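Colleague: Please find my_file-v5.pdb (PDB, C-alpha atoms) on the next line:
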ATOM      1  CA  MET A   1     108.322 120.005   7.733
ATOM      2  CA  ASN A   2     104.897 121.594   8.164
ATOM      3  CA  ALA A   3     101.618 119.742   8.615
ATOM      4  CA  GLN A   4     100.502 120.229   5.016
ATOM      5  CA  GLN A   5     103.776 118.926   3.569
ATOM      6  CA  LYS A   6     103.602 115.913   5.889
ATOM      7  CA  GLU A   7     100.031 115.208   4.847
ATOM      8  CA  MET A   8     100.947 115.302   1.145
ATOM      9  CA  LEU A   9     103.992 113.117   1.715
ATOM     10  CA  LEU A  10     102.005 110.612   3.758
ATOM     11  CA  ARG A  11      99.488 110.313   0.916
ATOM     12  CA  ILE A  12     102.355 109.594  -1.506
ATOM     13  CA  MET A  13     103.772 106.980   0.893
ATOM     14  CA  GLU A  14     100.369 105.289   1.071
ATOM     15  CA  LEU A  15      99.947 105.211  -2.711
ATOM     16  CA  GLN A  16     103.490 103.969  -3.175
ATOM     17  CA  PHE A  17     102.919 101.202  -0.649
ATOM     18  CA  ALA A  18      99.797 100.079  -2.526
ATOM     19  CA  ALA A  19     101.775 100.109  -5.788
ATOM     20  CA  THR A  20     104.701  98.208  -4.208
ATOM     21  CA  GLU A  21     102.396  95.528  -2.834
ATOM     22  CA  LEU A  22     100.632  95.119  -6.199
ATOM     23  CA  ASN A  23     104.008  95.063  -7.972
ATOM     24  CA  LEU A  24     105.232  92.141  -5.850
ATOM     25  CA  TYR A  25     101.928  90.319  -6.351
ATOM     26  CA  LEU A  26     102.110  90.844 -10.129
ATOM     27  CA  ASP A  27     105.665  89.436 -10.203
ATOM     28  CA  THR A  28     104.190  86.027  -9.356
ATOM     29  CA  HIS A  29     100.719  86.580 -10.928
ATOM     30  CA  PRO A  30     101.538  88.408 -14.186
ATOM     31  CA  ASP A  31      98.261  87.309 -15.816
ATOM     32  CA  ASP A  32      95.949  88.702 -13.128
ATOM     33  CA  MET A  33      94.203  91.427 -15.138
ATOM     34  CA  ARG A  34      92.310  92.820 -12.134
ATOM     35  CA  ALA A  35      95.553  93.340 -10.218
ATOM     36  CA  LEU A  36      97.142  94.889 -13.307
ATOM     37  CA  GLN A  37      94.228  97.343 -13.659
ATOM     38  CA  GLU A  38      94.534  98.235  -9.976
ATOM     39  CA  PHE A  39      98.304  98.708 -10.358
ATOM     40  CA  ARG A  40      97.834 101.025 -13.354
ATOM     41  CA  MET A  41      95.304 103.105 -11.418
ATOM     42  CA  ARG A  42      97.485 103.404  -8.275
ATOM     43  CA  SER A  43     100.577 104.221 -10.279
ATOM     44  CA  GLN A  44      98.710 107.012 -12.152
ATOM     45  CA  GLU A  45      97.502 108.463  -8.844
ATOM     46  CA  LEU A  46     101.010 108.138  -7.405
ATOM     47  CA  MET A  47     102.601 109.963 -10.328
ATOM     48  CA  SER A  48     100.226 112.907 -10.137
ATOM     49  CA  ALA A  49     100.517 113.126  -6.322
ATOM     50  CA  LYS A  50     104.316 113.192  -6.669
ATOM     51  CA  MET A  51     104.211 115.891  -9.332
ATOM     52  CA  GLU A  52     101.955 118.027  -7.171
ATOM     53  CA  TYR A  53     104.281 117.598  -4.171
ATOM     54  CA  GLU A  54     107.484 118.233  -6.112
ATOM     55  CA  ARG A  55     106.096 121.430  -7.628
ATOM     56  CA  VAL A  56     105.905 122.889  -4.103
ATOM     57  CA  TYR A  57     108.562 121.115  -2.037
ATOM     58  CA  GLY A  58     111.214 120.030  -4.521
ATOM     59  CA  PRO A  59     112.261 116.679  -5.974
ATOM     60  CA  LEU A  60     111.545 113.368  -4.248
ATOM     61  CA  LEU A  61     113.859 111.488  -6.632
ATOM     62  CA  ASN A  62     117.484 112.125  -7.560
ATOM     63  CA  PHE A  63     119.460 111.707 -10.792
ATOM     64  CA  GLY A  64     117.023 113.690 -12.911
ATOM     65  CA  LEU A  65     113.913 111.647 -12.172
ATOM     66  CA  GLY A  66     112.302 114.285  -9.951
ATOM     67  CA  MET A  67     111.057 117.744 -10.817
ATOM     68  CA  THR A  68     113.672 120.488 -10.328
ATOM     69  CA  GLY A  69     112.760 124.156  -9.855
ATOM     70  CA  ARG A  70     114.915 127.277 -10.113
ATOM     71  CA  THR A  71     116.999 126.398  -7.056
ATOM     72  CA  TRP A  72     118.798 123.163  -6.099
ATOM     73  CA  GLN A  73     116.210 121.934  -3.585
ATOM     74  CA  TRP A  74     117.530 118.359  -3.426
ATOM     75  CA  ILE A  75     119.895 119.236  -0.564
ATOM     76  CA  GLN A  76     117.123 120.771   1.553
ATOM     77  CA  ASP A  77     116.498 119.341   5.006
ATOM     78  CA  PRO A  78     114.801 117.368   6.379
ATOM     79  CA  TRP A  79     116.024 114.017   5.106
ATOM     80  CA  PRO A  80     113.701 111.034   5.632
ATOM     81  CA  TRP A  81     115.289 109.936   8.941
ATOM     82  CA  GLU A  82     114.910 113.479  10.317
ATOM     83  CA  VAL A  83     111.175 113.921   9.763
ATOM     84  CA  ASN A  84     109.172 113.852  12.979
ATOM     85  CA  TRP A  85     106.149 111.664  12.187
ATOM     86  CA  ARG A  86     104.798 111.802  15.739
ATOM     87  CA  ARG A  87     101.089 112.588  15.784
ATOM     88  CA  SER A  88     100.762 115.802  17.812
TER      89      SER A  88
ATOM     90  CA  MET B   1     120.826 100.796 -11.313
ATOM     91  CA  TRP B   2     119.040 102.313  -8.366
ATOM     92  CA  VAL B   3     117.640 105.727  -7.545
ATOM     93  CA  TYR B   4     116.954 107.224  -4.141
ATOM     94  CA  GLN B   5     113.541 108.438  -3.073
ATOM     95  CA  LYS B   6     113.622 111.139  -0.417
ATOM     96  CA  MET B   7     111.026 109.470   1.817
ATOM     97  CA  LEU B   8     110.626 106.437   4.049
ATOM     98  CA  GLN B   9     108.423 103.522   3.025
ATOM     99  CA  TYR B  10     106.606 103.820   6.364
ATOM    100  CA  PRO B  11     106.422 106.756   8.826
ATOM    101  CA  ALA B  12     108.779 105.420  11.520
ATOM    102  CA  ARG B  13     107.824 107.096  14.791
ATOM    103  CA  VAL B  14     109.784 107.147  18.051
ATOM    104  CA  ARG B  15     108.136 108.386  21.263
ATOM    105  CA  SER B  16     111.195 109.015  23.424
ATOM    106  CA  THR B  17     114.929 108.455  23.789
ATOM    107  CA  ASN B  18     115.490 104.775  24.538
ATOM    108  CA  PRO B  19     119.030 103.475  23.896
ATOM    109  CA  ARG B  20     118.165 100.160  25.513
ATOM    110  CA  LEU B  21     115.499  99.475  22.871
ATOM    111  CA  ALA B  22     117.921 100.707  20.172
ATOM    112  CA  LYS B  23     120.428  98.062  21.288
ATOM    113  CA  ALA B  24     117.876  95.337  20.505
ATOM    114  CA  VAL B  25     116.354  96.868  17.345
ATOM    115  CA  ILE B  26     119.770  97.376  15.701
ATOM    116  CA  THR B  27     119.955  93.629  15.078
ATOM    117  CA  GLN B  28     117.475  94.136  12.234
ATOM    118  CA  TYR B  29     119.993  96.586  10.729
ATOM    119  CA  GLY B  30     123.128  94.434  10.860
ATOM    120  CA  GLY B  31     122.191  91.148  12.507
ATOM    121  CA  PRO B  32     121.968  87.655  10.963
ATOM    122  CA  ASP B  33     118.276  87.981  10.072
ATOM    123  CA  GLY B  34     118.331  91.734   9.488
ATOM    124  CA  GLU B  35     117.411  93.892   6.531
ATOM    125  CA  LEU B  36     120.955  94.338   5.152
ATOM    126  CA  ALA B  37     121.360  90.562   4.963
ATOM    127  CA  ALA B  38     117.919  90.183   3.382
ATOM    128  CA  SER B  39     118.534  92.822   0.733
ATOM    129  CA  LEU B  40     122.007  91.628  -0.247
ATOM    130  CA  ARG B  41     120.941  87.970  -0.257
ATOM    131  CA  TYR B  42     118.134  88.553  -2.766
ATOM    132  CA  LEU B  43     119.985  91.051  -4.915
ATOM    133  CA  THR B  44     122.956  88.732  -5.321
ATOM    134  CA  GLN B  45     120.905  85.576  -5.959
ATOM    135  CA  ARG B  46     118.900  87.085  -8.805
ATOM    136  CA  TYR B  47     121.665  86.726 -11.435
ATOM    137  CA  THR B  48     121.336  82.939 -11.574
ATOM    138  CA  MET B  49     117.521  82.706 -11.529
ATOM    139  CA  PRO B  50     116.160  80.866 -14.593
ATOM    140  CA  ILE B  51     112.616  82.302 -14.803
ATOM    141  CA  PRO B  52     111.436  85.907 -15.255
ATOM    142  CA  GLU B  53     109.121  85.835 -12.223
ATOM    143  CA  ALA B  54     112.067  84.922  -9.966
ATOM    144  CA  LYS B  55     114.375  87.595 -11.408
ATOM    145  CA  ALA B  56     111.668  90.220 -10.901
ATOM    146  CA  ALA B  57     110.657  89.102  -7.391
ATOM    147  CA  LEU B  58     114.260  88.994  -6.145
ATOM    148  CA  THR B  59     115.004  92.422  -7.623
ATOM    149  CA  ASP B  60     111.841  93.972  -6.169
ATOM    150  CA  ILE B  61     111.932  92.319  -2.746
ATOM    151  CA  GLY B  62     115.686  93.017  -2.484
ATOM    152  CA  THR B  63     114.930  96.667  -3.228
ATOM    153  CA  GLU B  64     112.098  96.821  -0.693
ATOM    154  CA  GLU B  65     114.492  95.402   1.930
ATOM    155  CA  LEU B  66     116.793  98.397   1.362
ATOM    156  CA  ALA B  67     113.838 100.608   2.280
ATOM    157  CA  HIS B  68     113.337  98.494   5.419
ATOM    158  CA  MET B  69     117.012  98.928   6.297
ATOM    159  CA  GLU B  70     116.422 102.691   6.171
ATOM    160  CA  ILE B  71     113.348 102.375   8.428
ATOM    161  CA  VAL B  72     115.308 100.370  11.028
ATOM    162  CA  ALA B  73     118.177 102.896  10.825
ATOM    163  CA  THR B  74     115.677 105.721  11.389
ATOM    164  CA  LEU B  75     114.323 103.983  14.511
ATOM    165  CA  VAL B  76     117.812 103.405  15.956
ATOM    166  CA  TYR B  77     119.009 106.920  15.068
ATOM    167  CA  ASN B  78     116.030 108.555  16.773
ATOM    168  CA  LEU B  79     116.138 106.229  19.795
ATOM    169  CA  ILE B  80     119.758 107.203  20.608
ATOM    170  CA  ARG B  81     120.025 110.717  19.132
ATOM    171  CA  ASP B  82     119.326 112.586  22.389
ATOM    172  CA  ALA B  83     120.737 109.997  24.809
ATOM    173  CA  SER B  84     123.197 111.246  27.435
ATOM    174  CA  ILE B  85     126.378 109.371  28.321
ATOM    175  CA  ALA B  86     124.619 108.235  31.504
ATOM    176  CA  ASP B  87     121.669 106.882  29.430
ATOM    177  CA  ILE B  88     124.088 105.057  27.140
ATOM    178  CA  LYS B  89     125.947 103.448  30.049
ATOM    179  CA  ARG B  90     122.712 102.417  31.734
ATOM    180  CA  ALA B  91     121.534 100.762  28.501
ATOM    181  CA  GLY B  92     124.788  98.821  28.113
ATOM    182  CA  LEU B  93     125.560 100.665  24.881
ATOM    183  CA  ASP B  94     128.924 101.975  26.133
ATOM    184  CA  GLY B  95     130.834  99.387  24.074
ATOM    185  CA  TYR B  96     129.003 100.444  20.936
ATOM    186  CA  TYR B  97     129.564 104.123  21.807
ATOM    187  CA  ALA B  98     133.319 103.535  22.189
ATOM    188  CA  ASP B  99     133.519 102.224  18.623
ATOM    189  CA  HIS B 100     130.846 104.254  16.818
ATOM    190  CA  ASP B 101     129.598 107.160  18.975
ATOM    191  CA  LYS B 102     125.937 107.436  17.892
ATOM    192  CA  ALA B 103     126.648 106.540  14.269
ATOM    193  CA  LEU B 104     124.823 103.691  12.562
ATOM    194  CA  TYR B 105     126.879 100.535  12.123
ATOM    195  CA  PHE B 106     125.946  97.018  11.029
ATOM    196  CA  VAL B 107     125.945  94.920  14.210
ATOM    197  CA  ASN B 108     123.617  92.470  15.891
ATOM    198  CA  ALA B 109     122.036  93.080  19.314
ATOM    199  CA  GLU B 110     125.270  91.951  21.015
ATOM    200  CA  GLY B 111     127.504  94.206  18.936
ATOM    201  CA  VAL B 112     128.860  91.514  16.586
ATOM    202  CA  PRO B 113     129.544  93.056  13.151
ATOM    203  CA  TRP B 114     127.738  91.883  10.011
ATOM    204  CA  VAL B 115     129.408  89.137   7.954
ATOM    205  CA  ALA B 116     128.631  87.839   4.466
ATOM    206  CA  ALA B 117     128.429  84.335   5.986
ATOM    207  CA  TYR B 118     124.915  85.295   7.167
ATOM    208  CA  ILE B 119     123.726  84.868   3.587
ATOM    209  CA  GLN B 120     124.019  82.229   0.918
ATOM    210  CA  SER B 121     123.933  82.271  -2.867
ATOM    211  CA  LYS B 122     124.084  78.699  -4.008
ATOM    212  CA  GLY B 123     123.434  78.744  -7.757
ATOM    213  CA  ASP B 124     120.630  76.190  -7.357
ATOM    214  CA  PRO B 125     117.387  78.213  -7.599
ATOM    215  CA  ILE B 126     115.377  75.718  -5.516
ATOM    216  CA  THR B 127     118.018  75.858  -2.769
ATOM    217  CA  ASP B 128     118.172  79.661  -2.873
ATOM    218  CA  ILE B 129     114.398  80.114  -2.643
ATOM    219  CA  HIS B 130     114.248  77.707   0.306
ATOM    220  CA  GLU B 131     116.955  79.798   1.968
ATOM    221  CA  ASN B 132     114.890  82.926   1.373
ATOM    222  CA  MET B 133     111.704  81.426   2.780
ATOM    223  CA  ALA B 134     113.650  80.427   5.891
ATOM    224  CA  ALA B 135     115.159  83.924   6.052
ATOM    225  CA  GLU B 136     111.716  85.552   5.983
ATOM    226  CA  GLN B 137     110.561  83.272   8.809
ATOM    227  CA  LYS B 138     113.668  84.045  10.868
ATOM    228  CA  ALA B 139     113.088  87.765  10.391
ATOM    229  CA  ARG B 140     109.418  87.334  11.324
ATOM    230  CA  SER B 141     110.433  85.618  14.581
ATOM    231  CA  THR B 142     112.960  88.366  15.317
ATOM    232  CA  TYR B 143     110.319  91.072  14.862
ATOM    233  CA  GLU B 144     108.039  89.147  17.229
ATOM    234  CA  TYR B 145     110.784  89.091  19.892
ATOM    235  CA  LEU B 146     111.461  92.802  19.332
ATOM    236  CA  ILE B 147     107.741  93.573  19.705
ATOM    237  CA  GLN B 148     107.804  91.675  23.032
ATOM    238  CA  LEU B 149     110.838  93.733  24.116
ATOM    239  CA  SER B 150     109.499  97.102  22.946
ATOM    240  CA  ASP B 151     108.240  99.524  25.601
ATOM    241  CA  ASP B 152     107.596 102.264  23.011
ATOM    242  CA  PRO B 153     104.150 101.911  21.332
ATOM    243  CA  ASP B 154     105.278 104.040  18.365
ATOM    244  CA  VAL B 155     108.289 101.804  17.714
ATOM    245  CA  THR B 156     106.028  98.760  18.097
ATOM    246  CA  ASP B 157     103.768 100.175  15.372
ATOM    247  CA  THR B 158     106.679 100.286  12.890
ATOM    248  CA  LEU B 159     107.943  96.848  14.004
ATOM    249  CA  ARG B 160     104.484  95.475  13.259
ATOM    250  CA  PHE B 161     104.611  96.916   9.738
ATOM    251  CA  LEU B 162     108.004  95.275   9.114
ATOM    252  CA  TRP B 163     106.725  92.010  10.626
ATOM    253  CA  GLN B 164     103.825  91.965   8.146
ATOM    254  CA  ARG B 165     106.194  92.491   5.234
ATOM    255  CA  GLU B 166     108.119  89.327   6.197
ATOM    256  CA  ILE B 167     104.870  87.377   5.899
ATOM    257  CA  VAL B 168     104.072  88.842   2.464
ATOM    258  CA  HIS B 169     107.601  88.165   1.198
ATOM    259  CA  PHE B 170     107.418  84.580   2.479
ATOM    260  CA  GLN B 171     104.203  84.159   0.473
ATOM    261  CA  ARG B 172     105.772  85.557  -2.718
ATOM    262  CA  PHE B 173     108.851  83.296  -2.346
ATOM    263  CA  GLY B 174     106.519  80.314  -1.826
ATOM    264  CA  GLU B 175     104.872  81.168  -5.144
ATOM    265  CA  ILE B 176     108.291  81.445  -6.803
ATOM    266  CA  LEU B 177     109.167  77.999  -5.444
ATOM    267  CA  ASN B 178     105.978  76.604  -7.013
ATOM    268  CA  LEU B 179     106.813  78.271 -10.341
ATOM    269  CA  LEU B 180     110.325  76.759 -10.205
ATOM    270  CA  HIS B 181     108.871  73.308  -9.569
ATOM    271  CA  ASP B 182     106.692  73.806 -12.663
ATOM    272  CA  TYR B 183     109.700  75.038 -14.656
ATOM    273  CA  TYR B 184     111.744  71.957 -13.776
ATOM    274  CA  GLY B 185     108.714  69.675 -14.116
ATOM    275  CA  ARG B 186     109.417  68.441 -10.642
ATOM    276  CA  GLU B 187     106.960  66.924  -8.189
ATOM    277  CA  ARG B 188     106.197  69.029  -5.123
ATOM    278  CA  VAL B 189     107.571  66.667  -2.503
ATOM    279  CA  PHE B 190     109.222  67.695   0.703
ATOM    280  CA  HIS B 191     111.041  64.468   1.398
ATOM    281  CA  MET B 192     113.405  62.371  -0.702
ATOM    282  CA  LYS B 193     110.707  60.285  -2.454
ATOM    283  CA  GLY B 194     111.136  60.090  -6.218
ATOM    284  CA  TRP B 195     114.805  61.001  -6.221
ATOM    285  CA  ASP B 196     116.939  58.872  -8.503
ATOM    286  CA  PRO B 197     119.844  57.482  -6.476
ATOM    287  CA  GLU B 198     121.739  56.957  -9.764
ATOM    288  CA  LYS B 199     121.894  60.712 -10.153
ATOM    289  CA  MET B 200     123.187  61.299  -6.637
ATOM    290  CA  PRO B 201     126.937  61.865  -6.239
ATOM    291  CA  PRO B 202     128.804  58.593  -5.500
ATOM    292  CA  VAL B 203     129.510  57.884  -1.867
ATOM    293  CA  ASP B 204     132.962  56.596  -1.008
ATOM    294  CA  ARG B 205     132.438  53.844   1.557
TER     295      ARG B 205
END
Show me the file's structure as structure tokens.
Modeller:
Amino acid sequence: MNAQQKEMLLRIMELQFAATELNLYLDTHPDDMRALQEFRMRSQELMSAKMEYERVYGPLLNFGLGMTGRTWQWIQDPWPWEVNWRRS
Amino acid sequence: MWVYQKMLQYPARVRSTNPRLAKAVITQYGGPDGELAASLRYLTQRYTMPIPEAKAALTDIGTEELAHMEIVATLVYNLIRDASIADIKRAGLDGYYADHDKALYFVNAEGVPWVAAYIQSKGDPITDIHENMAAEQKARSTYEYLIQLSDDPDVTDTLRFLWQREIVHFQRFGEILNLLHDYYGRERVFHMKGWDPEKMPPVDR
């Protein structure tokens, strides 16, 4: 995985973490409109970052939820446990 | 249903081969307070939760725990991937190697396999949420011990992330407990005051 792909993926991971954290908070504070606004914003950003990534590197999600190109990229290495995240 | 996302929740970094650290960290994969136990506990308790907030929180936290299981697996996999037989013997992982080679298996730090008895699903939502709050605290303590044991700053960084998540989950479960008290119209007391002895099961003296 090259540096640019890693950078894009890391951005997606960050956005998804923000959305996950807000999601859990909203589960117990469903009437917090500020948190809901923030969640909507993050989830929009996350969706467009994922689309941009998938257009180049193939689907991030299986079972038809990711974007599939002209070849079956789902089986492409590396899998998440194989990515070297060490800062070089 | 669930779908898989081809990414980790957190970039789990490993600096160098370290089977000795792997032997300790694996307890958060298949130990009593590990991520498999956490995930399965919450995902199986959710069916009998009476309020929407609780059903959602258990589903979402149970799902996040699966992502944590994958992070712990990634740490262990990368800590032992390049270990030689000599490294494995030195680390005391030879017993594990005899049974599993370098494959991932659900054991605690002493090699004891995972059992469903680590978790409970009691049907009483108040009881279950108390169990979960205790579980988050036990996992927090375990991550603190692992951070003390870690001699790899990159692994420590990921352990710290997982440690923080235990604290957030504890907070969310505490809020669920409050919501359940509201739902049942019950006083928030943490001793037996206010309990009606008439409603307690009869004691055979």
Colleague: Could the residues of chain A within 12 Å of chain B, counting only C-alpha atoms, be given as a PyMOL selection string, please?
Modeller: chain A and resi 6-31+50+53-54+57-66+73-88
Colleague: Work out how far apart CA of Gln137 in chain B and CA of Tyr105 in chain B are and give it in Å to one decimal.
Modeller: 24.0 Å
Colleague: Enter the distance from CA of Asp32 in chain A to CA of Pro50 in chain B, in Å, rounded to one decimal.
Modeller: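 Those two atoms sit 21.7 Å apart.
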Colleague: If we draw a sphere of 10 Å around (121.8, 86.0, -6.4), which residues have at least one atom in it when counting all atoms listed in the file? Please report them as a ChimeraX atom specification.
Modeller: /B:40-49,55,58-59,120-125,128
Colleague: I'd like the box whose edges run along x, y and z of the file and which contains every listed atom of range 34-52 of chain A, padded by 6 Å per side; could you state its centre and edge lengths in Å, one decimal, as lines of an AutoDock Vina configuration file?
Modeller:
center_x = 98.3
center_y = 105.4
center_z = -10.0
size_x = 24.0
size_y = 37.2
size_z = 19.3
Colleague: Could you pull the residues within 8 Å of Glu65 in chain B, counting all atoms listed in the file, minus those fewer than 6 positions along the same chain, as a ChimeraX atom specification?
Modeller: /B:35-36,38-39
Colleague: Residues within 12 Å of Ser141 in chain B, please, as an mmCIF file with C-alpha atoms, in the coordinates of the input. Count only C-alpha atoms; anything in the same chain fewer than 2 positions from it doesn't count.
Modeller:
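File produced: selection-v8.cif:
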data_model
loop_
_atom_site.group_PDB
_atom_site.id
_atom_site.type_symbol
_atom_site.label_atom_id
_atom_site.label_comp_id
_atom_site.auth_asym_id
_atom_site.auth_seq_id
_atom_site.Cartn_x
_atom_site.Cartn_y
_atom_site.Cartn_z
ATOM 1 C CA GLN B 28 117.475 94.136 12.234
ATOM 2 C CA ASP B 33 118.276 87.981 10.072
ATOM 3 C CA GLY B 34 118.331 91.734 9.488
ATOM 4 C CA ALA B 134 113.650 80.427 5.891
ATOM 5 C CA ALA B 135 115.159 83.924 6.052
ATOM 6 C CA GLU B 136 111.716 85.552 5.983
ATOM 7 C CA GLN B 137 110.561 83.272 8.809
ATOM 8 C CA LYS B 138 113.668 84.045 10.868
ATOM 9 C CA ALA B 139 113.088 87.765 10.391
ATOM 10 C CA TYR B 143 110.319 91.072 14.862
ATOM 11 C CA GLU B 144 108.039 89.147 17.229
ATOM 12 C CA TYR B 145 110.784 89.091 19.892
ATOM 13 C CA LEU B 146 111.461 92.802 19.332
ATOM 14 C CA ILE B 147 107.741 93.573 19.705
ATOM 15 C CA GLN B 148 107.804 91.675 23.032
ATOM 16 C CA LEU B 159 107.943 96.848 14.004
ATOM 17 C CA ARG B 160 104.484 95.475 13.259
ATOM 18 C CA LEU B 162 108.004 95.275 9.114
ATOM 19 C CA TRP B 163 106.725 92.010 10.626
ATOM 20 C CA GLN B 164 103.825 91.965 8.146
ATOM 21 C CA GLU B 166 108.119 89.327 6.197
ATOM 22 C CA ILE B 167 104.870 87.377 5.899
#
Colleague: Could you check which of A:Leu36, A:Ala3, A:Met51, A:Met41 is closest to Met67 in chain A, using only C-alpha atoms?
Modeller: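 Closest candidate: A:Met51.
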Colleague: Write out as an mmCIF file with C-alpha atoms, keeping the file's coordinate frame each polymer residue whose atoms come within 7 Å of Ala109 in chain B, counting only C-alpha atoms; drop sequence neighbours fewer than 4 positions from it.
Modeller:
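Result file follows (part-v2.cif):
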data_model
loop_
_atom_site.group_PDB
_atom_site.id
_atom_site.type_symbol
_atom_site.label_atom_id
_atom_site.label_comp_id
_atom_site.auth_asym_id
_atom_site.auth_seq_id
_atom_site.Cartn_x
_atom_site.Cartn_y
_atom_site.Cartn_z
ATOM 1 C CA LYS B 23 120.428 98.062 21.288
ATOM 2 C CA ALA B 24 117.876 95.337 20.505
ATOM 3 C CA ILE B 26 119.770 97.376 15.701
ATOM 4 C CA THR B 27 119.955 93.629 15.078
#
Colleague: Would you mind reading off the distance between CA of Ala103 in chain B and CA of Ala116 in chain B, one decimal, in Å?
Modeller: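 Computing it gives 21.2 Å between the two atoms.
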